[in-house]
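> Below you'll find final_3.txt; it's compact mmCIF, N, CA and C atoms and all ligand atoms.
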# COMPACT_ATOMS: atom_id res chain seq x y z
N MET K 1 -2.67 -33.19 -140.61
CA MET K 1 -3.38 -33.41 -139.35
C MET K 1 -4.69 -32.64 -139.37
N SER K 2 -5.72 -33.27 -138.96
CA SER K 2 -7.02 -32.62 -138.93
C SER K 2 -7.42 -32.34 -137.49
N ASP K 3 -7.91 -31.15 -137.24
CA ASP K 3 -8.35 -30.76 -135.90
C ASP K 3 -9.86 -30.59 -135.95
N THR K 4 -10.58 -31.59 -135.49
CA THR K 4 -12.04 -31.56 -135.55
C THR K 4 -12.60 -31.42 -134.15
N LYS K 5 -13.52 -30.48 -134.00
CA LYS K 5 -14.14 -30.26 -132.69
C LYS K 5 -15.65 -30.33 -132.86
N ASN K 6 -16.28 -31.19 -132.10
CA ASN K 6 -17.73 -31.18 -132.07
C ASN K 6 -18.15 -30.03 -131.17
N VAL K 7 -19.28 -29.43 -131.50
CA VAL K 7 -19.74 -28.28 -130.74
C VAL K 7 -21.02 -28.62 -130.02
N LYS K 8 -21.78 -27.61 -129.61
CA LYS K 8 -23.01 -27.83 -128.84
C LYS K 8 -23.85 -28.92 -129.50
N PRO K 9 -24.57 -29.72 -128.72
CA PRO K 9 -25.38 -30.78 -129.30
C PRO K 9 -26.34 -30.28 -130.38
N ALA K 10 -26.91 -29.09 -130.21
CA ALA K 10 -27.85 -28.57 -131.19
C ALA K 10 -27.18 -28.30 -132.54
N GLN K 11 -25.86 -28.13 -132.53
CA GLN K 11 -25.13 -27.82 -133.76
C GLN K 11 -24.25 -28.99 -134.19
N ALA K 12 -24.49 -30.17 -133.65
CA ALA K 12 -23.59 -31.29 -133.88
C ALA K 12 -23.43 -31.65 -135.35
N ALA K 13 -24.41 -31.37 -136.19
CA ALA K 13 -24.33 -31.74 -137.60
C ALA K 13 -23.29 -30.91 -138.34
N LEU K 14 -22.96 -29.73 -137.83
CA LEU K 14 -21.99 -28.87 -138.49
C LEU K 14 -20.70 -28.87 -137.69
N VAL K 15 -19.67 -29.48 -138.26
CA VAL K 15 -18.40 -29.68 -137.55
C VAL K 15 -17.41 -28.60 -137.96
N ILE K 16 -16.72 -28.03 -136.97
CA ILE K 16 -15.66 -27.07 -137.25
C ILE K 16 -14.40 -27.86 -137.53
N GLU K 17 -13.90 -27.73 -138.75
CA GLU K 17 -12.76 -28.55 -139.16
C GLU K 17 -11.71 -27.69 -139.86
N ILE K 18 -10.47 -27.91 -139.48
CA ILE K 18 -9.33 -27.21 -140.09
C ILE K 18 -8.54 -28.26 -140.88
N ASN K 19 -8.26 -27.97 -142.17
CA ASN K 19 -7.55 -28.98 -142.95
C ASN K 19 -6.04 -28.92 -142.68
N GLU K 20 -5.30 -29.82 -143.31
CA GLU K 20 -3.86 -29.93 -143.06
C GLU K 20 -3.09 -28.68 -143.46
N ASP K 21 -3.68 -27.84 -144.30
CA ASP K 21 -3.05 -26.57 -144.70
C ASP K 21 -3.42 -25.42 -143.77
N GLY K 22 -4.24 -25.72 -142.74
CA GLY K 22 -4.65 -24.68 -141.80
C GLY K 22 -5.85 -23.89 -142.27
N HIS K 23 -6.53 -24.36 -143.31
CA HIS K 23 -7.71 -23.67 -143.84
C HIS K 23 -8.98 -24.22 -143.19
N LEU K 24 -9.89 -23.30 -142.90
CA LEU K 24 -11.20 -23.68 -142.37
C LEU K 24 -12.01 -24.36 -143.47
N GLU K 25 -12.56 -25.52 -143.15
CA GLU K 25 -13.35 -26.26 -144.14
C GLU K 25 -14.81 -25.81 -144.12
N CYS K 26 -15.46 -25.87 -145.27
CA CYS K 26 -16.89 -25.57 -145.36
C CYS K 26 -17.67 -26.64 -144.60
N PRO K 27 -18.59 -26.26 -143.70
CA PRO K 27 -19.36 -27.27 -142.97
C PRO K 27 -20.38 -27.97 -143.85
N GLY K 28 -20.67 -27.42 -145.03
CA GLY K 28 -21.66 -28.02 -145.91
C GLY K 28 -21.08 -29.08 -146.80
N CYS K 29 -19.88 -28.86 -147.35
CA CYS K 29 -19.34 -29.80 -148.33
C CYS K 29 -17.94 -30.28 -147.97
N SER K 30 -17.36 -29.75 -146.89
CA SER K 30 -15.98 -30.09 -146.50
C SER K 30 -15.00 -29.86 -147.63
N GLY K 31 -15.37 -28.96 -148.55
CA GLY K 31 -14.47 -28.65 -149.66
C GLY K 31 -13.26 -27.89 -149.17
N SER K 32 -12.33 -27.70 -150.05
CA SER K 32 -11.10 -27.01 -149.69
C SER K 32 -11.41 -25.65 -149.10
N GLY K 33 -10.73 -25.32 -148.02
CA GLY K 33 -10.91 -24.02 -147.38
C GLY K 33 -10.55 -22.87 -148.30
N ALA K 34 -9.90 -23.16 -149.42
CA ALA K 34 -9.53 -22.11 -150.35
C ALA K 34 -10.76 -21.47 -150.99
N TYR K 35 -11.92 -22.09 -150.87
CA TYR K 35 -13.12 -21.58 -151.52
C TYR K 35 -14.17 -21.10 -150.54
N LEU K 36 -13.80 -20.95 -149.29
CA LEU K 36 -14.73 -20.47 -148.28
C LEU K 36 -14.40 -19.00 -147.99
N HIS K 37 -15.31 -18.11 -148.39
CA HIS K 37 -15.06 -16.67 -148.29
C HIS K 37 -15.83 -16.07 -147.13
N HIS K 38 -15.16 -15.30 -146.27
CA HIS K 38 -15.94 -14.59 -145.26
C HIS K 38 -16.25 -13.20 -145.78
N ARG K 39 -17.53 -12.86 -145.71
CA ARG K 39 -18.04 -11.66 -146.38
C ARG K 39 -18.50 -10.59 -145.41
N VAL K 40 -19.04 -10.96 -144.27
CA VAL K 40 -19.59 -10.00 -143.31
C VAL K 40 -19.17 -10.46 -141.90
N VAL K 41 -18.71 -9.51 -141.10
CA VAL K 41 -18.35 -9.82 -139.71
C VAL K 41 -19.17 -8.92 -138.80
N ASN K 42 -19.93 -9.53 -137.91
CA ASN K 42 -20.71 -8.78 -136.91
C ASN K 42 -20.04 -8.96 -135.56
N VAL K 43 -19.82 -7.84 -134.88
CA VAL K 43 -19.25 -7.86 -133.53
C VAL K 43 -20.29 -7.26 -132.60
N TYR K 44 -20.69 -8.04 -131.61
CA TYR K 44 -21.73 -7.63 -130.66
C TYR K 44 -21.07 -7.28 -129.34
N SER K 45 -21.34 -6.09 -128.83
CA SER K 45 -20.74 -5.65 -127.58
C SER K 45 -21.84 -5.31 -126.58
N ARG K 46 -21.79 -5.97 -125.44
CA ARG K 46 -22.80 -5.75 -124.41
C ARG K 46 -22.22 -6.07 -123.04
N GLN K 47 -22.49 -5.20 -122.07
CA GLN K 47 -22.18 -5.54 -120.69
C GLN K 47 -23.14 -6.65 -120.27
N GLU K 48 -22.70 -7.49 -119.35
CA GLU K 48 -23.51 -8.63 -118.95
C GLU K 48 -24.95 -8.24 -118.64
N ASP K 49 -25.86 -8.89 -119.30
CA ASP K 49 -27.31 -8.72 -119.11
C ASP K 49 -27.84 -7.32 -119.39
N ASN K 50 -27.03 -6.44 -119.91
CA ASN K 50 -27.51 -5.11 -120.25
C ASN K 50 -28.46 -5.22 -121.44
N PRO K 51 -29.67 -4.67 -121.34
CA PRO K 51 -30.60 -4.80 -122.46
C PRO K 51 -30.16 -4.05 -123.72
N SER K 52 -29.29 -3.07 -123.58
CA SER K 52 -28.82 -2.37 -124.78
C SER K 52 -27.43 -2.87 -125.15
N GLN K 53 -27.17 -2.87 -126.43
CA GLN K 53 -25.87 -3.29 -126.92
C GLN K 53 -25.61 -2.66 -128.27
N LEU K 54 -24.36 -2.70 -128.67
CA LEU K 54 -23.99 -2.20 -130.00
C LEU K 54 -23.62 -3.38 -130.87
N THR K 55 -24.01 -3.31 -132.12
CA THR K 55 -23.61 -4.29 -133.11
C THR K 55 -22.86 -3.56 -134.21
N SER K 56 -21.60 -3.94 -134.42
CA SER K 56 -20.79 -3.37 -135.50
C SER K 56 -20.76 -4.38 -136.64
N VAL K 57 -21.17 -3.94 -137.82
CA VAL K 57 -21.24 -4.82 -138.98
C VAL K 57 -20.15 -4.38 -139.96
N PHE K 58 -19.16 -5.24 -140.16
CA PHE K 58 -18.05 -4.96 -141.06
C PHE K 58 -18.31 -5.67 -142.39
N HIS K 59 -18.23 -4.92 -143.49
CA HIS K 59 -18.47 -5.51 -144.79
C HIS K 59 -17.81 -4.66 -145.86
N ASN K 60 -16.98 -5.26 -146.67
CA ASN K 60 -16.42 -4.60 -147.84
C ASN K 60 -15.73 -3.27 -147.51
N GLY K 61 -14.97 -3.22 -146.46
CA GLY K 61 -14.23 -2.01 -146.12
C GLY K 61 -15.04 -0.95 -145.42
N THR K 62 -16.24 -1.30 -145.00
CA THR K 62 -17.07 -0.33 -144.27
C THR K 62 -17.49 -0.93 -142.93
N VAL K 63 -17.91 -0.06 -142.03
CA VAL K 63 -18.48 -0.53 -140.77
C VAL K 63 -19.74 0.28 -140.49
N ASN K 64 -20.77 -0.43 -140.04
CA ASN K 64 -22.05 0.18 -139.70
C ASN K 64 -22.35 -0.21 -138.26
N VAL K 65 -22.51 0.79 -137.40
CA VAL K 65 -22.77 0.52 -135.99
C VAL K 65 -24.26 0.69 -135.72
N GLN K 66 -24.86 -0.33 -135.16
CA GLN K 66 -26.30 -0.33 -134.89
C GLN K 66 -26.54 -0.49 -133.39
N ASN K 67 -27.60 0.10 -132.91
CA ASN K 67 -27.95 -0.01 -131.48
C ASN K 67 -29.10 -1.00 -131.34
N ASN K 68 -28.76 -2.29 -131.47
CA ASN K 68 -29.78 -3.33 -131.32
C ASN K 68 -29.12 -4.65 -130.95
N ALA K 69 -29.96 -5.63 -130.61
CA ALA K 69 -29.46 -6.92 -130.13
C ALA K 69 -29.70 -8.05 -131.12
N ARG K 70 -30.16 -7.75 -132.31
CA ARG K 70 -30.51 -8.81 -133.25
C ARG K 70 -29.28 -9.63 -133.68
N GLY K 71 -29.39 -10.93 -133.51
CA GLY K 71 -28.38 -11.83 -134.03
C GLY K 71 -27.23 -12.17 -133.10
N ASN K 72 -27.15 -11.58 -131.93
CA ASN K 72 -26.05 -11.89 -131.02
C ASN K 72 -26.12 -13.36 -130.61
N PRO K 73 -25.06 -14.14 -130.89
CA PRO K 73 -25.11 -15.56 -130.51
C PRO K 73 -25.03 -15.77 -129.00
N SER K 74 -24.65 -14.74 -128.24
CA SER K 74 -24.62 -14.85 -126.78
C SER K 74 -25.91 -14.30 -126.21
N ALA K 75 -26.52 -15.04 -125.31
CA ALA K 75 -27.78 -14.60 -124.71
C ALA K 75 -27.57 -13.48 -123.71
N ARG K 76 -26.35 -13.35 -123.16
CA ARG K 76 -26.15 -12.38 -122.08
C ARG K 76 -24.94 -11.48 -122.24
N ARG K 77 -24.00 -11.83 -123.13
CA ARG K 77 -22.75 -11.06 -123.18
C ARG K 77 -22.36 -10.77 -124.63
N ASP K 78 -21.05 -10.70 -124.87
CA ASP K 78 -20.52 -10.36 -126.19
C ASP K 78 -20.60 -11.55 -127.15
N GLY K 79 -20.52 -11.25 -128.43
CA GLY K 79 -20.51 -12.30 -129.44
C GLY K 79 -19.89 -11.81 -130.73
N VAL K 80 -19.54 -12.76 -131.59
CA VAL K 80 -19.00 -12.47 -132.91
C VAL K 80 -19.65 -13.44 -133.89
N SER K 81 -19.99 -12.95 -135.07
CA SER K 81 -20.55 -13.81 -136.11
C SER K 81 -19.85 -13.47 -137.42
N ILE K 82 -19.18 -14.47 -138.00
CA ILE K 82 -18.49 -14.30 -139.28
C ILE K 82 -19.27 -15.08 -140.32
N ARG K 83 -19.81 -14.36 -141.30
CA ARG K 83 -20.66 -15.01 -142.31
C ARG K 83 -19.85 -15.37 -143.55
N PHE K 84 -19.96 -16.65 -143.92
CA PHE K 84 -19.19 -17.21 -145.03
C PHE K 84 -20.10 -17.63 -146.18
N SER K 85 -19.53 -17.56 -147.37
CA SER K 85 -20.17 -18.13 -148.55
C SER K 85 -19.18 -19.11 -149.17
N CYS K 86 -19.67 -20.31 -149.49
CA CYS K 86 -18.80 -21.34 -150.08
C CYS K 86 -18.93 -21.29 -151.60
N GLU K 87 -17.78 -21.14 -152.25
CA GLU K 87 -17.76 -21.07 -153.70
C GLU K 87 -18.09 -22.43 -154.34
N LEU K 88 -17.84 -23.52 -153.61
CA LEU K 88 -18.08 -24.85 -154.18
C LEU K 88 -19.53 -25.28 -154.09
N CYS K 89 -20.14 -25.21 -152.91
CA CYS K 89 -21.51 -25.71 -152.74
C CYS K 89 -22.55 -24.60 -152.68
N GLY K 90 -22.10 -23.35 -152.60
CA GLY K 90 -23.04 -22.23 -152.55
C GLY K 90 -23.69 -22.03 -151.19
N GLY K 91 -23.27 -22.81 -150.20
CA GLY K 91 -23.85 -22.70 -148.87
C GLY K 91 -23.46 -21.41 -148.17
N GLY K 92 -24.31 -20.99 -147.25
CA GLY K 92 -24.04 -19.83 -146.43
C GLY K 92 -24.03 -20.23 -144.96
N TYR K 93 -22.96 -19.89 -144.25
CA TYR K 93 -22.80 -20.31 -142.87
C TYR K 93 -22.20 -19.18 -142.05
N ALA K 94 -22.56 -19.16 -140.77
CA ALA K 94 -21.95 -18.20 -139.85
C ALA K 94 -21.16 -18.98 -138.81
N LEU K 95 -19.90 -18.62 -138.65
CA LEU K 95 -19.08 -19.15 -137.56
C LEU K 95 -19.26 -18.18 -136.41
N GLU K 96 -19.78 -18.68 -135.29
CA GLU K 96 -20.17 -17.78 -134.22
C GLU K 96 -19.41 -18.08 -132.93
N LEU K 97 -19.05 -17.00 -132.23
CA LEU K 97 -18.41 -17.06 -130.92
C LEU K 97 -19.36 -16.40 -129.94
N ALA K 98 -19.58 -17.05 -128.81
CA ALA K 98 -20.48 -16.51 -127.80
C ALA K 98 -19.83 -16.61 -126.43
N GLN K 99 -19.81 -15.48 -125.72
CA GLN K 99 -19.33 -15.50 -124.34
C GLN K 99 -20.44 -16.04 -123.46
N HIS K 100 -20.12 -17.05 -122.64
CA HIS K 100 -21.14 -17.65 -121.80
C HIS K 100 -20.50 -18.10 -120.48
N LYS K 101 -20.80 -17.40 -119.40
CA LYS K 101 -20.32 -17.76 -118.05
C LYS K 101 -18.82 -18.03 -118.02
N GLY K 102 -18.04 -17.13 -118.54
CA GLY K 102 -16.59 -17.27 -118.48
C GLY K 102 -16.02 -18.23 -119.50
N GLN K 103 -16.87 -18.79 -120.34
CA GLN K 103 -16.40 -19.69 -121.39
C GLN K 103 -16.76 -19.10 -122.75
N THR K 104 -16.03 -19.53 -123.75
CA THR K 104 -16.32 -19.09 -125.11
C THR K 104 -16.83 -20.29 -125.90
N GLU K 105 -18.04 -20.17 -126.40
CA GLU K 105 -18.63 -21.23 -127.23
C GLU K 105 -18.38 -20.87 -128.69
N MET K 106 -18.13 -21.87 -129.53
CA MET K 106 -17.94 -21.64 -130.95
C MET K 106 -18.73 -22.69 -131.72
N HIS K 107 -19.46 -22.25 -132.73
CA HIS K 107 -20.26 -23.19 -133.51
C HIS K 107 -20.56 -22.60 -134.89
N TRP K 108 -20.95 -23.46 -135.79
CA TRP K 108 -21.47 -23.06 -137.09
C TRP K 108 -22.98 -22.90 -136.99
N ARG K 109 -23.52 -21.95 -137.72
CA ARG K 109 -24.97 -21.82 -137.87
C ARG K 109 -25.25 -21.69 -139.36
N GLU K 110 -26.14 -22.53 -139.87
CA GLU K 110 -26.51 -22.44 -141.28
C GLU K 110 -27.41 -21.22 -141.46
N LEU K 111 -27.10 -20.41 -142.47
CA LEU K 111 -27.87 -19.19 -142.72
C LEU K 111 -29.16 -19.52 -143.45
N SER K 112 -30.12 -18.63 -143.34
CA SER K 112 -31.36 -18.79 -144.11
C SER K 112 -31.02 -18.68 -145.60
N GLU K 113 -31.87 -19.25 -146.44
CA GLU K 113 -31.59 -19.22 -147.87
C GLU K 113 -31.52 -17.79 -148.41
N PRO K 114 -32.40 -16.86 -148.00
CA PRO K 114 -32.25 -15.48 -148.50
C PRO K 114 -30.89 -14.86 -148.12
N GLU K 115 -30.42 -15.12 -146.90
CA GLU K 115 -29.13 -14.54 -146.52
C GLU K 115 -27.99 -15.23 -147.28
N ALA K 116 -28.08 -16.55 -147.47
CA ALA K 116 -27.06 -17.27 -148.23
C ALA K 116 -27.03 -16.75 -149.67
N GLU K 117 -28.20 -16.51 -150.25
CA GLU K 117 -28.27 -15.98 -151.62
C GLU K 117 -27.66 -14.59 -151.69
N TRP K 118 -27.93 -13.76 -150.69
CA TRP K 118 -27.35 -12.41 -150.66
C TRP K 118 -25.82 -12.51 -150.62
N LEU K 119 -25.29 -13.42 -149.81
CA LEU K 119 -23.83 -13.58 -149.73
C LEU K 119 -23.26 -14.07 -151.06
N ARG K 120 -23.96 -15.00 -151.73
CA ARG K 120 -23.48 -15.49 -153.03
C ARG K 120 -23.42 -14.36 -154.04
N SER K 121 -24.48 -13.56 -154.10
CA SER K 121 -24.49 -12.46 -155.07
C SER K 121 -23.48 -11.38 -154.67
N ASP K 122 -23.28 -11.17 -153.38
CA ASP K 122 -22.27 -10.21 -152.92
C ASP K 122 -20.88 -10.68 -153.34
N LEU K 123 -20.64 -11.97 -153.24
CA LEU K 123 -19.34 -12.52 -153.64
C LEU K 123 -19.12 -12.31 -155.15
N GLU K 124 -20.17 -12.52 -155.95
CA GLU K 124 -20.05 -12.31 -157.39
C GLU K 124 -19.80 -10.85 -157.73
N ARG K 125 -20.49 -9.94 -157.02
CA ARG K 125 -20.33 -8.49 -157.27
C ARG K 125 -18.93 -8.00 -156.91
N ASN K 126 -18.36 -8.63 -155.89
CA ASN K 126 -17.10 -8.14 -155.36
C ASN K 126 -15.98 -9.17 -155.53
N ALA K 127 -16.04 -9.94 -156.60
CA ALA K 127 -15.03 -10.97 -156.85
C ALA K 127 -13.66 -10.32 -156.97
N PHE K 128 -12.67 -11.01 -156.44
CA PHE K 128 -11.30 -10.50 -156.53
C PHE K 128 -10.39 -11.59 -157.00
ZN ZN W 1 -19.26 -25.78 -149.31
Please express what this file holds, its structure, as structure tokens.


Amino acid sequence: MSDTKNVKPAQAALVIEINEDGHLECPGCSGSGAYLHHRVVNVYSRQEDNPSQLTSVFHNGTVNVQNNARGNPSARRDGVSIRFSCELCGGGYALELAQHKGQTEMHWRELSEPEAEWLRSDLERNAF
């Protein structure tokens, strides 16, 4: 059974899809979820409309806490961004959650080529 959800119109080209094994599919190639690696997780914490917020960046067993708003998928509240690298197509994508007026939005965002390249090389350096 496939569970496909279309997301915001601006992100309609990238579909969030779970395969029959329960694996998240790559939005670039729809390849087996077995080859989609999440490498960096950003957690954004902010009180509603507060200009200051904390961003916790989890990567490779470490966490770095920053006092800035860069990259939060929510314009006014909390957010989460999980950055993936696909072993099959080499694409880089972020699965993002954004709190918005009591609702949670979820969508894929295609990463810039430099960030996708960094994730590919990070995956090679830390292959398991
Ligand atoms: Zn892919």

> Show me which residues are within 8 Å of ligand ZN 1 (chain W) counting all atoms listed in the file, and format the list as a PyMOL selection string.

chain K and resi 25-32+35-36+85-92

> Suppose you want the space between CA of Asp122 (chain K) and CA of Tyr93 (chain K); what is it in Å?

14.3 Å

> Just want the 7 Å neighbourhood of Leu54 (chain K), counted on only N, CA and C atoms, with same-chain residues fewer than 4 positions away dropped. Output as number ranges by chain.

K: 43-46, 65-69

> Store the residues picked out above, limited to N, CA and C atoms, as a PDB file, keeping the file's coordinate frame.


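Listed below is the output, again.pdb:
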ATOM      1  N   VAL K  43     -19.820  -7.840-134.880  1.00  0.00           N
ATOM      2  CA  VAL K  43     -19.250  -7.860-133.530  1.00  0.00           C
ATOM      3  C   VAL K  43     -20.290  -7.260-132.600  1.00  0.00           C
ATOM      4  N   TYR K  44     -20.690  -8.040-131.610  1.00  0.00           N
ATOM      5  CA  TYR K  44     -21.730  -7.630-130.660  1.00  0.00           C
ATOM      6  C   TYR K  44     -21.070  -7.280-129.340  1.00  0.00           C
ATOM      7  N   SER K  45     -21.340  -6.090-128.830  1.00  0.00           N
ATOM      8  CA  SER K  45     -20.740  -5.650-127.580  1.00  0.00           C
ATOM      9  C   SER K  45     -21.840  -5.310-126.580  1.00  0.00           C
ATOM     10  N   ARG K  46     -21.790  -5.970-125.440  1.00  0.00           N
ATOM     11  CA  ARG K  46     -22.800  -5.750-124.410  1.00  0.00           C
ATOM     12  C   ARG K  46     -22.220  -6.070-123.040  1.00  0.00           C
ATOM     13  N   VAL K  65     -22.510   0.790-137.400  1.00  0.00           N
ATOM     14  CA  VAL K  65     -22.770   0.520-135.990  1.00  0.00           C
ATOM     15  C   VAL K  65     -24.260   0.690-135.720  1.00  0.00           C
ATOM     16  N   GLN K  66     -24.860  -0.330-135.160  1.00  0.00           N
ATOM     17  CA  GLN K  66     -26.300  -0.330-134.890  1.00  0.00           C
ATOM     18  C   GLN K  66     -26.540  -0.490-133.390  1.00  0.00           C
ATOM     19  N   ASN K  67     -27.600   0.100-132.910  1.00  0.00           N
ATOM     20  CA  ASN K  67     -27.950  -0.010-131.480  1.00  0.00           C
ATOM     21  C   ASN K  67     -29.100  -1.000-131.340  1.00  0.00           C
ATOM     22  N   ASN K  68     -28.760  -2.290-131.470  1.00  0.00           N
ATOM     23  CA  ASN K  68     -29.780  -3.330-131.320  1.00  0.00           C
ATOM     24  C   ASN K  68     -29.120  -4.650-130.950  1.00  0.00           C
ATOM     25  N   ALA K  69     -29.960  -5.630-130.610  1.00  0.00           N
ATOM     26  CA  ALA K  69     -29.460  -6.920-130.130  1.00  0.00           C
ATOM     27  C   ALA K  69     -29.700  -8.050-131.120  1.00  0.00           C
TER      28      ALA K  69
END

> Distance CA of Gln99 (chain K)-CA of Asp49 (chain K), one decimal place?

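That distance, rounded to one decimal, is 11.7 Å.
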
> Quick one: DSSP alpha helix (DSSP H) residues in chain K, as a list of chain:residue names?

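Answer for chain K restricted to alpha helix (DSSP H) is K:Glu113, K:Pro114, K:Glu115, K:Ala116, K:Glu117, K:Trp118, K:Leu119, K:Arg120, K:Ser121, K:Asp122, K:Leu123, K:Glu124, K:Arg125.
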